[in-house]
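K.L.:
The structure follows.
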Amino acid sequence: MIAAMPMDLILSGGTVVTQNDARDVLSADVLVQDGRITAVGTRKELEKLAGRGARQPRPRLVIDATDRLVIPGLIQSHIHLCQTLFRGLADDLALLDWLKQRIWPLEGAHTHRSLRASARLGIAELLRGGTTAIQDMGTVHHTDAVFEALEETGIRAVAGKAMMDRQEGAPKGLREHASDAQATEASLRESIRLCEAWNGAGSGRIRYGFAPRFALSCTTGLLRETAEEARHRDARIHTHASENKDEIAAVRAETGLPNIEYLHSVGLTGHDVGLAHCVHLSRAEEKLLAKTQTNVLHCPSSNLKLGSGIARIPELLALGVPVSIGADGAPCNNNLDAFLETRLAALLQKPRLGPMAMPANVAFDLVTRGGARALGLADQIGSIEVGKRADLVVVDVERSHTLPGGDVYSRLVYAARPTDVTDVVVDGHVVVRNGVLSNLDEDAVRAEAKSALKALLTRADLA
Ligand SMILES: [Zn+2]
């Protein structure tokens with residue numbers, strides 16, 4: 001379990017990539033007290049400040065970051081922890097087949113135990129690779145298991161249960177209610193129960209986000225009511241949109257509207273909404289996203305692997321649309337690697353728009369500041385600044401595959417790997433120390449995942 005109050009902490013001697021408004025890169029120490037960044041400066045400046053502290057200092061841990069980079073914790077705004085168990089089980093299919101033939105039957109076979117194992121495996125990979133905060137889509141049932149894993153592992157998250165009240169064709173385990181007539185109410189009721197149970201858990205580290213899966217799996221009534229309930233509770237809204245051409249054609253056939261315009265008509269646009277993918281947008285829809293300041297959650301690996309297409313991210317950024325990055329789920333990636341997604345976000349645009357498109361520093365903005373904004377936490381995380389929560393990552397870029405030249409953004413975006421992460425701090429708690437997870441036994445997590453998958457496959461009704 002996470003101790004109630006983190007100890008004072010200094011990350012010492014590193015190069016601090018602040019991601020503040022000026023994008024300062026400083027040779028500095030970072031002081032962390034009570035889970036917050038309380039100073040960024042030279043050792044002398046920090047000692048002076050700490051000496052002035054009114055309260056009794058607690059035992060202090062110093063993380064030596066000499067010759068290393070200290071960066072804001074990486075943020076992935078679109079993740080499916082429930083799918084980590086299915087890595088490698090749904091390769092080489094297009095979106096709607098991928099969903100219906102593989103993912104939904106597998107998700108429908110989850111129990112509390114298998115879902116917790118899936119979430120723990122995903123979080124182990126995320127934390128080890130420097131991801132300190134995620135937005136998670138969840139699945140239909142047993143969502144408490146995801147929240148339990150979020151709470152015990154120490155990662156920061158906005159998470160919710162996937163809402164799918166259009167049940168035709170859904171496997172039994174993904175039906176909101178045995179009766180179709182009661183599915184909408186059941187979906188809302190369970191979402192509200194989870195919100196009341198978990199919003200603010202982990203000393204505020206965990207927030208609830210309402211998660212209607214996508215337009216085609218929800219009734220118009222559910223989408224409208226979800227928008228109302230979420231806003232009433234000041235919660236985020238997280239869904240998928242315009243990932244695939246067949247999907248947008250189906251939405252248009254059913255509603256008469258382009259997908260984003262339809263979502264707008266039911267209240268699902270705005271600064272508190274995150275739309276994963278947004279690959280196929282009309283110019284009018286792009287402008288609508290900019291006008292409403294709706295967050296686009298960009299998933300480059302997933303878009304490539306499912307053959308969905310290339311999102312027009314530089315064009316969206318030029319319009320002022322807020323953009324962030326996510327790995328999506330393990331079965332469509334197949335990693336949850338923030339470094340890989342950021343590198344790909346940069347590279348993906350270059351054949352289309354030329355090598356100047358999406359420079360490394362812009363891509364790094366998406367996985368830090370952009371992610372913080374997508375989670376509604378821009379005032380708390382996404383940069384290393386006094387007063388912000390202490391979500392920090394130490395990266396060793398003095399390695400054969402990262403040396404010798406290049407600025408910090410070049411090294412981080414084009415060369416670094418998750419295995420270069422040495423230490424990770426979330427909310428002032430050290431969750432990875434010298435490459436080892438503090439709150440999870442990785443061998444046990446792997447063993448538990450293998451055994452949970454074996455049992456799940458005997459339950460799953462795969463085509
Ligand atoms: Zn997704």
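Residue numbering restarts at 1 for every chain of the structure tokens, chains are lettered A, B, ... in their displayed order, and ligands are numbered from 1 as they appear.
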Taking only C-alpha atoms and all ligand atoms into account, report as a PyMOL selection string which residues have an atom no farther than 7 Å from an atom of ligand 1.
P.N.:
chain A and resi 78-80+240+276+328-329
K.L.:
Once you count only C-alpha atoms, what closest atom pair and distance in Å to one decimal does each residue of region 82-146 of chain A within 12 Å of region 289-301 of chain A have, with rows by chain and rising residue number, as a tab-separated table?
P.N.:
residue	atom	partner	partner_atom	distance
A:Ile134	CA	A:Leu297	CA	11.4
A:Gln135	CA	A:Leu297	CA	9.8
A:Asp136	CA	A:Leu297	CA	11.7
K.L.:
Restricting the calculation to only C-alpha atoms: of A:Leu9, A:Leu268, A:Val430, A:Ala94, which residue gets closest to Lys305 (chain A)?
P.N.:
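Among the listed residues, A:Ala94 lies closest to Lys305 (chain A).
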K.L.:
From a DSSP pass on the backbone, collect the residues of region 199-438 of chain A flagged as strand (DSSP E) and hand them back as a PyMOL selection string.
P.N.:
chain A and resi 206-212+236-241+273-277+295-298+323-325+392-395+421-426+429-433+436-437
K.L.:
Go ahead and write the selection's residues with C-alpha atoms as a compact mmCIF listing (two decimals), in the first residue's frame.
P.N.:
# COMPACT_ATOMS: atom_id res chain seq x y z
CA ILE A 206 -7.55 8.78 -8.95
CA ARG A 207 -10.43 10.54 -10.71
CA TYR A 208 -13.51 9.10 -12.33
CA GLY A 209 -14.07 9.63 -16.05
CA PHE A 210 -17.31 8.62 -17.78
CA ALA A 211 -16.46 6.36 -20.73
CA PRO A 212 -19.14 5.74 -23.36
CA ARG A 236 -14.15 13.87 -17.46
CA ILE A 237 -15.71 12.22 -20.50
CA HIS A 238 -13.64 9.76 -22.54
CA THR A 239 -14.72 8.07 -25.77
CA HIS A 240 -13.51 6.94 -29.21
CA ALA A 241 -14.33 8.85 -32.38
CA VAL A 273 -14.04 15.60 -23.35
CA GLY A 274 -11.34 13.37 -24.85
CA LEU A 275 -11.89 11.72 -28.23
CA ALA A 276 -9.50 8.91 -29.06
CA HIS A 277 -8.15 8.72 -32.63
CA ASN A 295 -9.13 16.97 -26.67
CA VAL A 296 -7.87 14.69 -29.43
CA LEU A 297 -6.20 11.57 -28.01
CA HIS A 298 -3.71 10.54 -30.69
CA VAL A 323 -3.72 16.98 -28.64
CA SER A 324 -2.20 14.30 -26.43
CA ILE A 325 -0.86 10.76 -26.92
CA LEU A 392 8.82 12.99 -12.10
CA VAL A 393 10.91 10.59 -14.15
CA VAL A 394 14.67 10.14 -14.27
CA VAL A 395 16.02 8.99 -17.63
CA VAL A 421 14.03 5.05 -17.13
CA THR A 422 15.74 4.57 -13.78
CA ASP A 423 13.43 6.22 -11.23
CA VAL A 424 9.80 7.28 -11.21
CA VAL A 425 7.96 9.43 -8.69
CA VAL A 426 4.16 9.86 -8.64
CA HIS A 429 5.99 8.65 -3.87
CA VAL A 430 8.89 6.73 -5.38
CA VAL A 431 7.19 4.02 -7.45
CA VAL A 432 10.27 2.90 -9.41
CA ARG A 433 13.75 2.95 -7.83
CA VAL A 436 12.55 -1.78 -9.79
CA LEU A 437 8.86 -1.28 -9.01
K.L.:
May I ask for the distance between CA of Asn334 (chain A) and CA of Leu127 (chain A), given in Å to one decimal place?
P.N.:
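The value is 16.3 Å.
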K.L.:
Figure out the distance between CA of Leu31 (chain A) and CA of Ala338 (chain A), please, to one decimal in Å.
P.N.:
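Computing the Euclidean distance for CA of Ala338 (chain A) and CA of Leu31 (chain A) yields 25.2 Å.
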K.L.:
Using only C-alpha atoms, which of the listed residues (A:His110, A:Val386, A:Gly202, A:Asp427) sits closest to Val30 (chain A)?
P.N.:
A:Val386
K.L.:
Would you kindly return, as a tab-separated table (two decimals) with C-alpha atoms, in the first residue's frame, each protein, DNA or RNA residue with an atom no farther than 6 Å from any atom of Asp8 (chain A), considering only C-alpha atoms and excluding same-chain residues fewer than 4 positions away?
P.N.:
chain	number	residue	atom	x	y	z
A	32	VAL	CA	9.67	17.45	-3.30
A	33	GLN	CA	7.70	17.90	-0.08
A	60	ARG	CA	14.87	12.60	3.24
K.L.:
Using CA of Thr419 (chain A) and CA of Gly129 (chain A) as the two end points, give the distance in Å to one decimal.
P.N.:
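Calculated distance between CA of Thr419 (chain A) and CA of Gly129 (chain A) is 6.5 Å.
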K.L.:
Any idea what's packed within 7 Å of Val445 (chain A), counting only C-alpha atoms, ignoring anything in its chain fewer than 2 positions away? Could you give it as a list in words?
P.N.:
Ala117, Arg120, Leu121, Asp441, Glu442, Asp443, Ala447, Glu448 and Ala449 of chain A
